Amino acid sequence: MDHSHAHVCIKDRQGRYLYVNRSLQKALQIATGRESVLGLSDREIFPSPCLESIRRVDEDVFSSGDPQFFEEHFPCADGSERIYLTERLIYRAEAQEPCLVCMSCDVTELKQAGAQLARSEEHFRLLAENSGDVVFLLDLEGYVRWVSPSLTTALGWLPEDWIGRKGTDFILHHGQDSGYQINLQELHSKSETIIARDQILASDGTVHWMETHASPFYNSSGCLEGCVGHFHMVDAMVETETQLRQSEERYRLLAENARDVIWTMEPNGAISYISPSILELRGFTPQEAAAQPLEQIHPPDSLARSQAYFSQLLSDVEAGRRPEAFRSELEYYCKDGSTIWTDVIALPVLDDNGRLVKLLGTSRDITERKRYEQDLSLVNKQLHALATTDELTHIANRRQLESLIQTALSRSDRYGEPVSLVLCDIDFFKAVNDCYGHQTGDQVLIEFSQRIAANLRAGDDFARWGGEEFMILLSHTNAASAQPVAEKLCRMIADSPFAEVGTVTASFGVAEREPGELLKRWIQRVDEALYASKEAGRNTVTLAPAAGDCSQG
């Protein structure tokens, strides 16, 4: 409510102010010069002519217990008056005296404009005067017929710079974007609101993103004359997404244009209000949704996050700590059995004694964004696999294993853990390619890698090092344990013939990393051990001799 443009306050029965939102506080500060009115009564704030009507309405609400919806007139020093559309209702909480919740929206300009404008233009100007958005009217050819003065604040243009020109003149793609054309066709053929994002030019030549809400505009005869809409800048959608519009949505004009679901939850966990937009979001009426327990609202993961926050909220309030706001992406069940994702923001509302009055929240549909993020995550995983996996054998490639070896080196240096490398090379592989062809040679490489991988431990890392060479990283393994592993693999390869080519053998080199040994020297030693196996006749395993002190090498 602190971010709402409406005036919102809570008073006790004596007329003392228990809560005032920022909008009302600013207005009262201008009128009274007081920094804060909390704890003061109406008698200490308003001039005498206003007091009797305020007191009478407040008492009527307390006496009847029914909400009151009416206009309030306040005289100004210059002889004019301000008119507010006000709703007063009783809020009752357990173990707490009833409070009066007052919500007011300044409709002075609306009343003044009503004497001059037709009904449709009156509706249009109300939205323009009470919103920071830029409001516009286009004819069927797309020419701007009217634009609100807020255009100057938003983009630096004067209204007369736009009026008479096509709206697409100020859009970066000039209306040529295919998505824009589809939206335009739907706008002219359907009685629905179109929501779109485009890049727009400011008067200084800079480009900004805007979000536009546009609807068909019909004259009093029911004929389509164009479209009416409003847009706002979304370059920095951070705190703007958290602004709560509960009180505005109680007024029919703004409720019809809001897509976010606004809701309140009582300290006992009961949902006390849900805006009508819940029907579009989940398929339930507000009454149906408010009657649902959390288990029927959220799938298990989102349910757990919601319950954990609410439990922490109650604990913080009980302990006298100021609770944190809630911001998370939650999944909701829909009436048709599907689910949707929403961005949920919830703000605890406390009284002057730090007690929880209610939880005020919004839920914004982000299902499409969530799907995009999931698709992007899948693509990233695929790209990562391409970057770290050998294309032919589908085991790790050299780059990936080098990264793992660096990690093993750091762990070895820090904790003194033994670590060994095994380098193997298929014997006479060139002859396989020459005799049977490269396609058969590729199959030998694939089967060779599969056999090795199937006989390694879960924590061992295996990669194609290059050509017909393969490298194995044996963490937590010294030379005495690594050599039998290599010998087992050597026998396993030689003992089982390969399809088409028959018996294939491989030579192995084994090297345990010496303390302080650099990676280049370690790999050189295991390569020399493999070369020694080749020199010894192949199909054998050679253990590299100790390197000595290699810390300088």
# chains A, B, ... in the order shown; residues from 1 in each chain; ligands from 1
>>> select_by_dssp(residues="region 376-539 of chain A", states="alpha helix (DSSP H)", output="VMD selection string")
chain A and resid 376 to 388 398 to 415 429 to 436 438 to 454 479 to 495 519 to 535
>>> residues_around(residues="Cys227 (chain A)", least_positions_apart="3", cutoff="10 Å", atoms="only C-alpha atoms", output="PyMOL selection string")
chain A and resi 136-140+142+144+184+187-188+193+214-218+224
>>> residues_around(residues="region 539-543 of chain A", least_positions_apart="3", cutoff="9 Å", atoms="only C-alpha atoms", output="ChimeraX atom specification")
/A:424,426-427,479,483,486-487,490-491,494,505-512,526,529-534,536
>>> closest_residue(among="A:Tyr436, A:Lys430, A:Tyr332, A:Lys520", to="Ile405 (chain A)", atoms="only C-alpha atoms")
A:Lys520
>>> closest_residue(among="A:Arg521, A:Gly205, A:Ile493, A:Phe231", to="Leu151 (chain A)", atoms="only C-alpha atoms")
A:Phe231
>>> select_by_dssp(residues="region 28-268 of chain A", states="strand (DSSP E)", output="PyMOL selection string")
chain A and resi 68-75+81-91+99-106+134-139+144-147+194-201+207-218+224-233+261-265
>>> residues_around(residues="region 20-23 of chain A", least_positions_apart="3", cutoff="12 Å", atoms="only C-alpha atoms", output="short mmCIF file (atom, residue, chain, number, x, y, z; two decimals) with C-alpha atoms, in the first residue's frame")
data_model
loop_
_atom_site.label_atom_id
_atom_site.label_comp_id
_atom_site.auth_asym_id
_atom_site.auth_seq_id
_atom_site.Cartn_x
_atom_site.Cartn_y
_atom_site.Cartn_z
CA MET A 1 0.00 0.00 0.00
CA ASP A 2 2.98 2.32 0.50
CA HIS A 3 3.50 2.22 -3.29
CA SER A 4 -0.15 2.84 -4.16
CA HIS A 5 -1.22 6.10 -5.77
CA ALA A 6 -4.48 6.03 -3.78
CA HIS A 7 -4.74 7.47 -0.26
CA VAL A 8 -4.93 4.65 2.27
CA CYS A 9 -5.15 4.93 6.07
CA ILE A 10 -6.26 2.95 9.12
CA LYS A 11 -7.97 4.70 12.08
CA ARG A 16 -6.61 8.42 15.58
CA TYR A 17 -4.46 7.45 12.61
CA LYS A 26 2.50 13.44 1.31
CA ALA A 27 -0.89 15.08 0.76
CA LEU A 28 -1.41 15.70 4.49
CA GLN A 29 2.11 17.04 4.87
CA ILE A 30 1.42 19.60 2.13
CA GLU A 35 6.00 15.37 8.99
CA SER A 36 3.69 12.61 10.30
CA VAL A 37 0.07 12.36 11.40
CA LEU A 38 0.35 8.97 13.10
CA GLY A 39 -1.30 9.10 16.51
CA LEU A 40 -3.19 12.32 15.66
CA LEU A 100 -11.50 1.64 10.12
CA VAL A 101 -9.77 1.15 6.76
CA CYS A 102 -10.15 4.20 4.51
CA MET A 103 -9.22 4.19 0.81
CA SER A 104 -9.58 7.38 -1.23
CA CYS A 105 -8.85 8.25 -4.82
CA ASP A 106 -8.66 11.87 -5.95
CA LEU A 244 0.69 -3.12 -5.19
CA SER A 247 -7.05 -0.38 -3.45
CA VAL A 349 1.41 -5.14 6.84
CA LEU A 350 2.05 -4.41 10.54
CA ASP A 351 0.24 -2.19 13.01
CA ASP A 352 1.96 0.34 15.26
#
>>> closest_residue(among="A:Ile274, A:Ile54, A:Ala346, A:Ile297", to="Tyr333 (chain A)", atoms="only C-alpha atoms")
A:Ile297
>>> residues_around(residues="region 80-84 of chain A", least_positions_apart="5", cutoff="8 Å", atoms="only C-alpha atoms", output="VMD selection string")
chain A and resid 71 to 75 104 to 108 111
>>> atom_distance(atom1="CA of Pro545 (chain A)", atom2="CA of Arg525 (chain A)")
8.1 Å
>>> atom_distance(atom1="CA of Leu360 (chain A)", atom2="CA of Leu314 (chain A)")
14.5 Å
>>> residues_around(residues="region 476-478 of chain A", least_positions_apart="6", cutoff="7 Å", atoms="only C-alpha atoms", output="ChimeraX atom specification")
/A:417-420,512
>>> write_last_selection(atoms="C-alpha atoms", output="compact mmCIF listing (two decimals), in the first residue's frame")
# COMPACT_ATOMS: atom_id res chain seq x y z
CA GLU A 417 46.02 -36.56 -1.73
CA PRO A 418 47.65 -39.03 -4.18
CA VAL A 419 46.55 -38.81 -7.79
CA SER A 420 47.65 -40.72 -10.88
CA GLU A 512 51.65 -40.85 -9.99
